[in-house]
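K.L.:
Dropping in final23.cif, which is mmCIF, C-alpha atoms and all ligand atoms:
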data_upload
#
loop_
_atom_site.label_atom_id
_atom_site.label_comp_id
_atom_site.auth_asym_id
_atom_site.auth_seq_id
_atom_site.Cartn_x
_atom_site.Cartn_y
_atom_site.Cartn_z
CA MET A 1 -25.02 -35.57 72.65
CA ASP A 2 -26.10 -34.44 69.17
CA SER A 3 -25.09 -37.18 66.71
CA LYS A 4 -24.82 -34.86 63.70
CA VAL A 5 -21.55 -34.99 61.81
CA TYR A 6 -21.13 -32.00 59.52
CA ASP A 7 -19.46 -32.39 56.16
CA PHE A 8 -17.46 -29.22 56.86
CA LEU A 9 -16.54 -27.18 59.91
CA ILE A 10 -15.12 -23.77 59.07
CA ILE A 11 -13.03 -21.95 61.68
CA GLY A 12 -13.36 -18.21 61.16
CA ALA A 13 -16.44 -16.32 60.01
CA GLY A 14 -14.84 -13.56 57.96
CA SER A 15 -15.00 -12.98 54.23
CA ALA A 16 -12.91 -16.14 53.57
CA GLY A 17 -14.83 -18.49 55.86
CA CYS A 18 -18.30 -17.19 55.00
CA ALA A 19 -17.69 -17.36 51.24
CA SER A 20 -16.37 -20.94 51.62
CA ALA A 21 -19.49 -21.85 53.61
CA TYR A 22 -21.65 -20.41 50.85
CA PHE A 23 -20.21 -22.50 48.01
CA LEU A 24 -20.00 -25.73 49.98
CA GLN A 25 -23.56 -25.38 51.18
CA LYS A 26 -24.77 -24.58 47.68
CA SER A 27 -23.22 -27.90 46.59
CA GLY A 28 -25.40 -29.73 49.07
CA LYS A 29 -22.88 -30.11 51.91
CA SER A 30 -23.76 -29.58 55.57
CA VAL A 31 -21.67 -26.75 56.98
CA ALA A 32 -21.02 -25.34 60.45
CA ILE A 33 -19.02 -22.18 61.03
CA VAL A 34 -17.33 -21.12 64.26
CA ASP A 35 -15.95 -17.77 65.37
CA ARG A 36 -14.71 -16.57 68.72
CA GLU A 37 -16.17 -13.12 68.09
CA ALA A 38 -19.08 -13.03 65.65
CA ILE A 39 -19.85 -13.21 61.95
CA ALA A 40 -17.49 -10.60 60.42
CA GLY A 41 -16.09 -9.95 63.90
CA GLY A 42 -12.48 -9.69 62.66
CA ALA A 43 -10.88 -7.78 59.78
CA SER A 44 -13.95 -8.39 57.64
CA GLY A 45 -16.15 -6.19 59.83
CA ALA A 46 -13.56 -3.40 59.66
CA ALA A 47 -13.22 -3.40 55.86
CA GLY A 48 -14.27 -0.40 53.74
CA ALA A 49 -15.30 -2.54 51.85
CA PHE A 50 -14.24 -1.20 48.46
CA LEU A 51 -14.06 -3.37 45.37
CA SER A 52 -11.73 -1.72 42.85
CA PRO A 53 -9.75 -2.81 39.81
CA LEU A 54 -5.96 -2.86 39.96
CA PRO A 55 -4.73 -0.91 36.91
CA GLY A 56 -1.22 -1.01 35.49
CA LYS A 57 0.73 -2.96 32.92
CA LYS A 58 -0.63 -6.50 32.86
CA ASN A 59 1.10 -8.99 35.15
CA SER A 60 0.08 -12.17 36.95
CA TYR A 61 -0.97 -10.33 40.12
CA ASN A 62 -3.17 -7.59 38.63
CA SER A 63 -4.70 -10.08 36.17
CA PHE A 64 -5.64 -12.26 39.13
CA VAL A 65 -7.08 -9.29 41.08
CA ASN A 66 -9.14 -8.08 38.12
CA GLU A 67 -10.52 -11.52 37.36
CA ALA A 68 -11.49 -11.95 41.01
CA LEU A 69 -13.09 -8.49 40.98
CA ASN A 70 -15.34 -9.29 38.00
CA PHE A 71 -16.42 -12.54 39.60
CA SER A 72 -17.04 -11.08 43.04
CA ILE A 73 -19.00 -7.99 41.95
CA ASP A 74 -21.29 -10.20 39.93
CA PHE A 75 -21.62 -12.59 42.88
CA TYR A 76 -22.57 -9.84 45.37
CA GLU A 77 -25.04 -8.26 42.96
CA LYS A 78 -26.88 -11.57 42.73
CA LEU A 79 -26.52 -12.44 46.43
CA SER A 80 -27.64 -9.16 47.93
CA PRO A 81 -28.41 -6.22 45.63
CA ASP A 82 -29.23 -4.06 48.67
CA SER A 83 -25.72 -4.49 50.10
CA ILE A 84 -23.75 -3.24 47.10
CA ASN A 85 -23.43 0.17 45.44
CA LYS A 86 -21.78 -0.12 42.08
CA LYS A 87 -21.11 3.37 40.85
CA GLY A 88 -17.46 3.05 39.82
CA VAL A 89 -14.30 4.62 41.18
CA LEU A 90 -12.33 7.74 40.34
CA ARG A 91 -8.62 7.06 40.85
CA VAL A 92 -6.56 10.14 41.47
CA PRO A 93 -2.87 9.75 40.57
CA TYR A 94 -0.21 10.21 43.26
CA ASP A 95 3.39 9.16 43.95
CA ASN A 96 2.57 5.48 44.48
CA PHE A 97 0.21 5.23 41.54
CA SER A 98 1.23 7.45 38.65
CA LYS A 99 -0.78 8.64 35.64
CA GLU A 100 1.19 6.18 33.47
CA LYS A 101 0.06 3.25 35.60
CA LEU A 102 -3.55 4.41 35.55
CA GLU A 103 -3.52 4.89 31.77
CA ASN A 104 -1.43 1.91 30.73
CA ASN A 105 -3.76 -1.05 31.06
CA ASP A 106 -6.45 -3.20 29.46
CA ILE A 107 -9.18 -2.01 31.79
CA GLU A 108 -11.69 0.39 30.34
CA TYR A 109 -11.42 3.89 31.80
CA GLU A 110 -12.35 7.49 31.15
CA TYR A 111 -10.19 10.48 32.03
CA PHE A 112 -12.02 13.16 34.05
CA ASP A 113 -10.33 16.55 34.15
CA TYR A 114 -10.99 19.18 36.80
CA ASN A 115 -13.77 20.87 34.75
CA LYS A 116 -15.61 17.63 34.13
CA LEU A 117 -15.46 16.79 37.85
CA LYS A 118 -16.74 20.25 38.80
CA ASP A 119 -19.69 19.69 36.42
CA ILE A 120 -20.46 16.44 38.23
CA SER A 121 -20.22 17.99 41.73
CA LYS A 122 -19.23 21.47 42.84
CA ASN A 123 -17.75 19.85 45.94
CA PHE A 124 -14.79 18.28 44.12
CA LYS A 125 -11.45 19.88 44.97
CA GLU A 126 -8.89 20.73 42.28
CA ILE A 127 -8.24 17.18 41.22
CA ASP A 128 -8.37 15.09 38.08
CA GLY A 129 -8.40 11.34 37.66
CA TYR A 130 -9.31 8.15 35.88
CA PHE A 131 -12.79 6.72 36.17
CA TYR A 132 -13.24 2.94 36.19
CA LYS A 133 -16.81 1.73 35.87
CA ASN A 134 -16.37 -1.71 37.36
CA ALA A 135 -15.97 -0.77 41.02
CA ALA A 136 -18.26 -0.88 44.02
CA VAL A 137 -18.61 -0.64 47.77
CA ILE A 138 -20.39 -3.27 49.81
CA GLU A 139 -21.79 -3.64 53.30
CA PRO A 140 -19.47 -6.31 54.76
CA LEU A 141 -21.63 -7.37 57.69
CA SER A 142 -24.79 -8.01 55.75
CA ILE A 143 -22.83 -9.73 52.96
CA CYS A 144 -21.14 -12.13 55.40
CA ASN A 145 -24.45 -12.85 57.12
CA LYS A 146 -26.11 -13.57 53.78
CA MET A 147 -23.29 -15.93 52.74
CA VAL A 148 -23.71 -18.13 55.83
CA HIS A 149 -27.48 -18.17 55.74
CA GLY A 150 -28.58 -21.75 56.39
CA CYS A 151 -25.29 -22.84 58.05
CA ASP A 152 -25.07 -23.48 61.79
CA PHE A 153 -23.04 -20.76 63.56
CA TYR A 154 -21.28 -21.39 66.89
CA LYS A 155 -19.62 -18.63 68.91
CA LYS A 156 -16.60 -20.44 70.29
CA ASN A 157 -12.88 -19.97 70.69
CA VAL A 158 -11.32 -23.07 69.19
CA ASP A 159 -8.03 -23.92 70.89
CA LYS A 160 -7.52 -27.40 69.55
CA LEU A 161 -8.74 -29.85 66.96
CA VAL A 162 -9.07 -33.52 67.87
CA PHE A 163 -9.04 -36.05 65.01
CA ASN A 164 -10.35 -39.53 65.73
CA ASP A 165 -11.49 -42.27 63.38
CA GLY A 166 -11.79 -39.91 60.43
CA ILE A 167 -13.82 -37.31 62.34
CA TYR A 168 -12.74 -33.94 63.73
CA PHE A 169 -14.04 -32.91 67.14
CA VAL A 170 -14.26 -29.36 68.41
CA GLU A 171 -15.80 -30.01 71.80
CA ASP A 172 -19.23 -31.39 70.85
CA ILE A 173 -19.16 -30.25 67.21
CA ARG A 174 -18.14 -33.01 64.81
CA ALA A 175 -17.14 -32.76 61.17
CA LYS A 176 -15.52 -34.77 58.40
CA ASN A 177 -13.51 -31.85 57.02
CA ILE A 178 -11.99 -28.68 58.47
CA ILE A 179 -11.40 -25.38 56.72
CA LEU A 180 -9.13 -22.93 58.52
CA ALA A 181 -10.11 -19.35 57.65
CA GLN A 182 -8.46 -17.72 60.65
CA GLY A 183 -7.08 -14.48 59.19
CA VAL A 184 -4.31 -13.06 61.40
CA SER A 185 -5.00 -15.40 64.35
CA LYS A 186 -2.53 -18.12 65.27
CA SER A 187 -3.20 -21.15 63.09
CA LEU A 188 -4.56 -24.27 64.77
CA VAL A 189 -1.97 -26.35 62.89
CA LYS A 190 1.64 -25.62 62.03
CA HIS A 191 2.42 -24.40 58.51
CA PRO A 192 5.75 -22.58 58.82
CA TYR A 193 5.90 -22.04 55.04
CA MET A 194 2.95 -19.66 55.24
CA GLU A 195 4.05 -16.73 57.36
CA ILE A 196 1.17 -14.38 57.98
CA SER A 197 1.96 -10.75 58.89
CA PRO A 198 -0.75 -8.46 60.21
CA ILE A 199 -1.31 -5.03 58.69
CA PHE A 200 -3.45 -2.99 61.01
CA GLY A 201 -6.01 -0.55 59.65
CA LEU A 202 -8.80 1.79 60.63
CA ARG A 203 -11.82 3.06 58.71
CA VAL A 204 -14.62 5.48 59.60
CA ASP A 205 -18.24 5.72 58.58
CA VAL A 206 -19.49 9.30 58.35
CA LYS A 207 -22.71 11.12 57.66
CA THR A 208 -22.67 14.03 55.21
CA THR A 209 -25.21 16.06 53.25
CA THR A 210 -22.89 15.92 50.21
CA GLU A 211 -23.75 13.55 47.43
CA VAL A 212 -20.61 11.59 46.52
CA PRO A 213 -21.24 10.44 42.94
CA PHE A 214 -18.84 7.46 42.97
CA ASN A 215 -16.02 6.04 45.05
CA ILE A 216 -12.88 8.17 45.04
CA HIS A 217 -9.44 6.69 45.63
CA LYS A 218 -6.07 8.31 46.13
CA SER A 219 -3.99 7.04 49.05
CA ILE A 220 -7.30 6.52 50.89
CA SER A 221 -10.80 5.80 49.61
CA ILE A 222 -14.08 7.65 50.03
CA SER A 223 -17.21 5.71 49.15
CA THR A 224 -20.28 6.90 47.36
CA ASN A 225 -23.30 7.32 49.68
CA LYS A 226 -24.28 3.80 50.71
CA HIS A 227 -27.80 2.42 51.07
CA ASP A 228 -27.78 3.23 54.80
CA ASP A 229 -26.93 6.85 53.94
CA THR A 230 -23.38 6.66 55.30
CA VAL A 231 -20.09 7.24 53.54
CA ALA A 232 -17.09 5.02 54.33
CA ILE A 233 -13.60 6.52 54.49
CA GLY A 234 -10.63 4.19 54.79
CA ALA A 235 -8.25 2.95 55.50
CA THR A 236 -4.98 3.41 57.36
CA HIS A 237 -2.12 0.89 56.93
CA GLU A 238 0.30 0.06 59.71
CA ARG A 239 2.55 -2.98 59.81
CA HIS A 240 2.54 -4.57 63.25
CA ASP A 241 5.32 -6.81 64.49
CA SER A 242 3.75 -10.25 64.77
CA SER A 243 6.89 -11.79 66.26
CA GLN A 244 6.10 -9.86 69.45
CA LEU A 245 2.87 -11.64 70.11
CA GLU A 246 -0.03 -13.59 68.77
CA CYS A 247 -2.28 -11.25 66.79
CA THR A 248 -5.78 -11.17 68.23
CA THR A 249 -9.01 -10.75 66.33
CA THR A 250 -10.02 -7.47 67.87
CA CYS A 251 -7.35 -4.81 68.18
CA ASP A 252 -9.00 -3.40 71.31
CA LYS A 253 -8.08 -6.62 73.12
CA CYS A 254 -4.43 -6.47 72.04
CA ILE A 255 -2.05 -5.46 74.82
CA PHE A 256 0.40 -4.00 72.29
CA TYR A 257 -2.19 -1.83 70.58
CA VAL A 258 -1.24 1.82 70.97
CA ASP A 259 -4.45 3.79 70.85
CA HIS A 260 -4.01 6.66 68.44
CA GLU A 261 -7.47 6.42 67.03
CA LYS A 262 -8.08 10.16 67.14
CA GLU A 263 -4.99 10.96 65.05
CA GLN A 264 -5.85 8.21 62.59
CA VAL A 265 -9.41 9.47 62.16
CA ASN A 266 -8.12 13.02 61.65
CA LEU A 267 -5.60 11.77 59.10
CA LEU A 268 -8.36 10.05 57.11
CA LEU A 269 -10.61 13.11 57.25
CA ASP A 270 -7.75 15.42 56.19
CA LYS A 271 -6.95 13.20 53.22
CA ALA A 272 -10.64 13.06 52.30
CA LYS A 273 -10.83 16.87 52.42
CA GLU A 274 -8.14 17.08 49.73
CA LEU A 275 -10.48 15.27 47.34
CA ILE A 276 -14.02 16.47 48.03
CA ASP A 277 -15.73 18.80 50.44
CA LEU A 278 -18.00 16.67 52.64
CA GLU A 279 -20.51 19.12 54.07
CA ASN A 280 -22.06 18.77 57.55
CA LEU A 281 -19.75 15.89 58.25
CA GLU A 282 -20.33 13.78 61.34
CA VAL A 283 -18.18 10.77 62.29
CA LEU A 284 -20.55 7.96 63.22
CA LYS A 285 -18.29 5.00 63.96
CA THR A 286 -14.69 3.82 63.68
CA TYR A 287 -13.70 0.25 62.84
CA LYS A 288 -10.34 -1.42 63.44
CA GLY A 289 -8.82 -4.67 62.25
CA ALA A 290 -5.75 -6.42 60.93
CA ARG A 291 -5.32 -7.69 57.39
CA ALA A 292 -3.55 -11.03 56.98
CA THR A 293 -0.78 -10.81 54.38
CA ILE A 294 2.13 -12.85 53.07
CA LYS A 295 5.14 -11.61 51.12
CA SER A 296 3.86 -12.42 47.63
CA TYR A 297 0.54 -10.58 48.25
CA PHE A 298 -1.24 -13.52 46.63
CA PRO A 299 -3.81 -15.22 48.86
CA VAL A 300 -3.39 -18.92 49.68
CA ILE A 301 -5.86 -21.79 49.42
CA GLY A 302 -5.80 -25.57 49.41
CA LYS A 303 -4.94 -28.67 51.41
CA ILE A 304 -2.59 -27.94 54.30
CA VAL A 305 0.80 -29.54 53.79
CA ASP A 306 2.36 -31.04 56.93
CA TYR A 307 5.81 -29.45 56.67
CA GLU A 308 7.78 -31.67 59.04
CA SER A 309 6.32 -35.00 57.90
CA SER A 310 6.73 -34.11 54.23
CA LEU A 311 10.40 -33.25 54.71
CA LYS A 312 10.99 -36.30 56.85
CA LYS A 313 9.55 -38.46 54.08
CA HIS A 314 11.35 -36.63 51.25
CA PRO A 315 14.44 -34.90 52.73
CA SER A 316 15.91 -34.40 49.25
CA ILE A 317 13.28 -31.72 48.57
CA LYS A 318 15.67 -29.41 50.42
CA ASN A 319 18.27 -30.01 47.72
CA GLY A 320 15.82 -29.23 44.98
CA THR A 321 14.57 -32.74 44.13
CA LYS A 322 11.21 -32.48 42.40
CA ILE A 323 8.44 -34.36 44.18
CA SER A 324 4.86 -34.31 43.00
CA GLN A 325 2.21 -32.58 45.15
CA GLU A 326 0.41 -35.88 45.65
CA MET A 327 3.45 -37.38 47.38
CA LEU A 328 3.56 -34.74 50.12
CA GLU A 329 2.08 -35.36 53.56
CA TYR A 330 -1.06 -33.41 54.42
CA TYR A 331 -3.13 -32.88 57.54
CA PRO A 332 -6.10 -35.16 56.83
CA ASN A 333 -9.16 -33.50 55.30
CA MET A 334 -7.93 -30.05 56.25
CA TYR A 335 -7.84 -26.96 54.05
CA THR A 336 -6.94 -23.31 54.37
CA ILE A 337 -8.11 -20.05 52.82
CA ASN A 338 -6.07 -17.11 54.05
CA ALA A 339 -3.77 -14.14 53.32
CA LEU A 340 -6.49 -12.17 51.58
CA GLY A 341 -4.57 -8.97 52.42
CA SER A 342 -6.23 -5.67 51.58
CA ARG A 343 -8.63 -7.27 49.12
CA GLY A 344 -10.57 -9.71 51.26
CA PHE A 345 -13.90 -8.94 49.65
CA VAL A 346 -12.49 -8.84 46.13
CA PHE A 347 -10.88 -12.26 46.63
CA GLY A 348 -13.31 -14.00 49.03
CA PRO A 349 -16.01 -15.45 46.74
CA TYR A 350 -13.58 -16.07 43.87
CA LEU A 351 -11.18 -18.07 46.04
CA ALA A 352 -13.97 -19.89 47.85
CA LYS A 353 -15.38 -21.05 44.53
CA ILE A 354 -11.98 -22.36 43.39
CA LEU A 355 -11.37 -24.04 46.75
CA SER A 356 -14.78 -25.70 46.90
CA GLN A 357 -14.38 -27.05 43.35
CA ASN A 358 -10.96 -28.38 44.25
CA ILE A 359 -12.30 -30.14 47.34
CA LEU A 360 -15.46 -31.49 45.76
CA TYR A 361 -14.36 -32.24 42.19
CA GLY A 362 -10.56 -32.25 42.29
CA SER A 363 -10.18 -29.24 39.99
CA VAL A 364 -6.71 -27.70 39.96
CA ILE A 365 -5.77 -24.71 42.13
CA PRO A 366 -3.68 -22.14 40.23
CA LYS A 367 -0.05 -22.44 41.34
CA ASP A 368 0.33 -18.82 42.48
CA ILE A 369 -2.27 -19.29 45.22
CA SER A 370 -1.50 -22.88 46.21
CA THR A 371 -0.20 -24.06 49.58
CA GLN A 372 2.25 -26.31 47.73
CA LYS A 373 4.02 -23.40 46.04
CA LEU A 374 4.78 -21.87 49.44
CA PHE A 375 5.78 -25.24 50.85
CA PHE A 376 8.35 -25.97 48.12
CA LYS A 377 9.76 -22.45 48.30
CA ALA A 378 10.31 -22.64 52.06
CA ALA A 379 11.60 -26.22 51.97
CA ARG A 380 14.25 -25.41 49.36
CA LYS A 381 15.52 -22.56 51.52
CA ASP A 382 15.51 -24.68 54.69
CA LYS A 383 19.07 -25.58 55.67
CA SER A 384 18.21 -27.17 59.05
CA GLN A 385 18.74 -30.89 59.75
CA LEU A 386 15.53 -32.71 60.37
C1 LIG B 1 -9.35 -1.27 58.07
C2 LIG B 1 -9.47 -2.27 56.98
C3 LIG B 1 -9.97 -1.90 55.73
C4 LIG B 1 -10.09 -2.83 54.70
N1 LIG B 1 -10.62 -2.44 53.52
C5 LIG B 1 -10.86 -3.36 52.55
C6 LIG B 1 -11.50 -2.99 51.33
O1 LIG B 1 -11.85 -1.83 51.13
N2 LIG B 1 -11.76 -3.97 50.41
C7 LIG B 1 -11.40 -5.27 50.63
O2 LIG B 1 -11.69 -6.11 49.77
N3 LIG B 1 -10.77 -5.64 51.76
C8 LIG B 1 -10.48 -4.72 52.71
N4 LIG B 1 -9.83 -5.07 53.86
C9 LIG B 1 -9.28 -6.43 53.96
C10 LIG B 1 -10.31 -7.43 54.37
O3 LIG B 1 -11.03 -6.94 55.45
C11 LIG B 1 -9.62 -8.73 54.74
O4 LIG B 1 -8.78 -9.17 53.72
C12 LIG B 1 -10.65 -9.82 54.99
O5 LIG B 1 -11.57 -9.36 55.89
C13 LIG B 1 -9.98 -11.07 55.50
O6 LIG B 1 -10.98 -11.98 55.77
P1 LIG B 1 -10.65 -13.28 56.58
O7 LIG B 1 -11.90 -14.05 56.62
O8 LIG B 1 -9.43 -13.92 56.03
O9 LIG B 1 -10.21 -12.74 58.03
P2 LIG B 1 -11.09 -12.19 59.23
O10 LIG B 1 -12.21 -11.35 58.77
O11 LIG B 1 -10.14 -11.58 60.21
O12 LIG B 1 -11.74 -13.50 59.83
C14 LIG B 1 -11.03 -14.45 60.58
C15 LIG B 1 -11.95 -14.86 61.72
O13 LIG B 1 -11.44 -16.03 62.33
C16 LIG B 1 -11.78 -16.02 63.69
N5 LIG B 1 -10.87 -16.94 64.36
C17 LIG B 1 -9.54 -17.08 64.16
N6 LIG B 1 -9.05 -18.07 64.95
C18 LIG B 1 -10.09 -18.55 65.64
C19 LIG B 1 -10.21 -19.59 66.63
N7 LIG B 1 -9.13 -20.30 67.02
N8 LIG B 1 -11.43 -19.84 67.16
C20 LIG B 1 -12.51 -19.12 66.75
N9 LIG B 1 -12.45 -18.13 65.83
C21 LIG B 1 -11.27 -17.86 65.28
C22 LIG B 1 -11.58 -14.56 64.07
O14 LIG B 1 -12.32 -14.23 65.21
C23 LIG B 1 -12.04 -13.81 62.82
O15 LIG B 1 -13.37 -13.36 62.92
C24 LIG B 1 -9.69 -4.17 54.91
C25 LIG B 1 -9.18 -4.55 56.16
C26 LIG B 1 -9.06 -3.61 57.18
C27 LIG B 1 -8.53 -4.06 58.49
#
Using the file provided, produce a representation of the structure as structure tokens.
P.N.:
Amino acid sequence: MDSKVYDFLIIGAGSAGCASAYFLQKSGKSVAIVDREAIAGGASGAAGAFLSPLPGKKNSYNSFVNEALNFSIDFYEKLSPDSINKKGVLRVPYDNFSKEKLENNDIEYEYFDYNKLKDISKNFKEIDGYFYKNAAVIEPLSICNKMVHGCDFYKKNVDKLVFNDGIYFVEDIRAKNIILAQGVSKSLVKHPYMEISPIFGLRVDVKTTTEVPFNIHKSISISTNKHDDTVAIGATHERHDSSQLECTTTCDKCIFYVDHEKEQVNLLLDKAKELIDLENLEVLKTYKGARATIKSYFPVIGKIVDYESSLKKHPSIKNGTKISQEMLEYYPNMYTINALGSRGFVFGPYLAKILSQNILYGSVIPKDISTQKLFFKAARKDKSQL
């Protein structure tokens, strides 16, 4: 048997797991990454993957998104300039995102009226919108592969973690620390305070002879022409009931998946047609996946709190007694990075950097994205007797 003990074993090779692998490896740690499908075989392979600012009156959520965006665009440009097209995004107002929201913010923008857009491309329909420079589209597969370059990858379905004498065992792989980056899949340990709901989505890649000058976003997004000459159009949003079943990585393997791919593709193409005329359009490939979300929309990172043991040790937490984070019970040497929602590639590198610095140097994780915030919230609502 191989005697190697990795510093870190990451379960899940999506945007979250691959970005975590990148930062830990860069800090000199030995890292293995496992996925039951492939690198970017889950939601990450299905993503558009658009990187756009979130305009609107400043609040804690959009400030967080926009900070992550700046970090991540810069990160991808350095990591793999061939996998990113940064040409900005035109945001077209609609019911869910009004002109006021698009105008009322700190982010730099330019208003493009119909005439200006027609000067840029005769293919634009009768639309107007707000142009934000700091937006891009990336190639998710090549980005994820680049991030794990140098790590050992194992294709394996992990069904349990064994912890013995300070070492985790996943069959013959051994590691000192575990990072769960499982997306919508059932977690390998219990954390009832972090309820993940899947939001299914579909995107298409098309070929067209039309030059799309920048990304365009209304209720769906159309990308500029990517380096491989395709244009991405995405994505649909459909909340699936996770109480029915365990959400699987690939929707095609899900027994509850109702195949209405054709209608969904047509819906995307119809919405795209309202924005720009894509000439000689040919659908090349469709991609499906499920985004992992929690109620607050913030992602979650950090040490995994053991809910039952923490409440057993400090039952008065349920009545609102304040207990410091350090006094909670945690699964040993185990961390999570999850609930990246619809912005997995905006958040991935930014979160992974914060998480790796927390693990390696003890730097503080902002409260809004911490496991402890969710733990305390759920515990204070919990009226059961332990
Ligand atoms: C259609 C669609 C469009 C999207 N568009 C965008 C976009 O434009 N921009 C953007 O930023 N984000 C977008 N997203 C969201 C983004 O894709 C996700 O937020 C991101 O991919 C989540 O990454 P993840 O690593 O958390 O999850 P995933 O990519 O799902 O990775 C989790 C991995 O863990 C593996 N796994 C889980 N459990 C186990 C186990 N027990 N054993 C082995 N392997 C396991 C799974 O196989 C999976 O590969 C989109 C998502 C979808 C579905």
K.L.:
Just the number, please: distance in Å from atom CA of A:Lys190 to atom CA of A:Phe169, one decimal.
P.N.:
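According to the coordinates, atom CA of A:Lys190 and atom CA of A:Phe169 are separated by 18.0 Å.
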K.L.:
Would you mind telling me which residue in A:Tyr94, A:Tyr6, A:Phe347, A:Phe163 lies nearest to A:Phe298 when using all atoms listed in the file?
P.N.:
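Of the candidates, the smallest distance to A:Phe298 is held by A:Phe347.
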K.L.:
Can you tell me, as a compact mmCIF listing (two decimals) with C-alpha atoms, keeping the file's coordinate frame, what residues are no more than 10 Å from A:Tyr130 when counting all atoms listed in the file, ignoring any on the same chain fewer than 5 positions away?
P.N.:
# COMPACT_ATOMS: atom_id res chain seq x y z
CA VAL A 89 -14.30 4.62 41.18
CA LEU A 90 -12.33 7.74 40.34
CA ARG A 91 -8.62 7.06 40.85
CA VAL A 92 -6.56 10.14 41.47
CA PRO A 93 -2.87 9.75 40.57
CA LYS A 99 -0.78 8.64 35.64
CA LEU A 102 -3.55 4.41 35.55
CA GLU A 103 -3.52 4.89 31.77
CA GLU A 108 -11.69 0.39 30.34
CA TYR A 109 -11.42 3.89 31.80
CA GLU A 110 -12.35 7.49 31.15
CA TYR A 111 -10.19 10.48 32.03
CA PHE A 112 -12.02 13.16 34.05
CA ASP A 113 -10.33 16.55 34.15
CA ILE A 216 -12.88 8.17 45.04
CA HIS A 217 -9.44 6.69 45.63
K.L.:
Mind giving me the straight-line distance from atom CA of A:Lys176 to atom CA of A:Ile359 in Å, one decimal?
P.N.:
12.4 Å
K.L.:
Take atom CA of A:Ala40 and atom P2 of ligand LIG 1 (chain B) and report the distance between them in Å, one decimal.
P.N.:
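Result for atom CA of A:Ala40 versus atom P2 of ligand LIG 1 (chain B): 6.7 Å, one decimal.
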K.L.:
With all atoms listed in the file counted, collect every polymer residue having an atom within 6 Å of ligand LIG 1 (chain B); state the result as a ChimeraX atom specification.
P.N.:
/A:11-17,34-37,40-44,46-51,156-159,181-183,185,200-203,235,249,288-291,338,340-346
K.L.:
For stretch 266-277 of chain A, list every protein, DNA or RNA residue within 10 Å, evaluated using all atoms listed in the file, and leave out those in the same chain fewer than 2 positions away; present the list as a ChimeraX atom specification.
P.N.:
/A:92,121-128,202-204,206,208,210,212,216-222,233-236,261-264,279-281,283
K.L.:
A:Ala175: which residues within 8 Å, counting only C-alpha atoms, same-chain residues fewer than 5 positions away excluded, as an MDAnalysis selection string?
P.N.:
chainID A and resid 5:9 167:169
K.L.:
Could you build a table of the residues in stretch 150-259 of chain A lying no more than 6 Å from stretch 331-335 of chain A, giving for each the nearest pair of atoms and their separation in Å rounded to one decimal place, using only C-alpha atoms, ordered by chain and ascending residue number, as JSON lines?
P.N.:
{"residue": "A:Asn177", "atom": "CA", "partner": "A:Asn333", "partner_atom": "CA", "distance": 5.0}
{"residue": "A:Ile178", "atom": "CA", "partner": "A:Met334", "partner_atom": "CA", "distance": 4.8}
{"residue": "A:Ile179", "atom": "CA", "partner": "A:Tyr335", "partner_atom": "CA", "distance": 4.7}
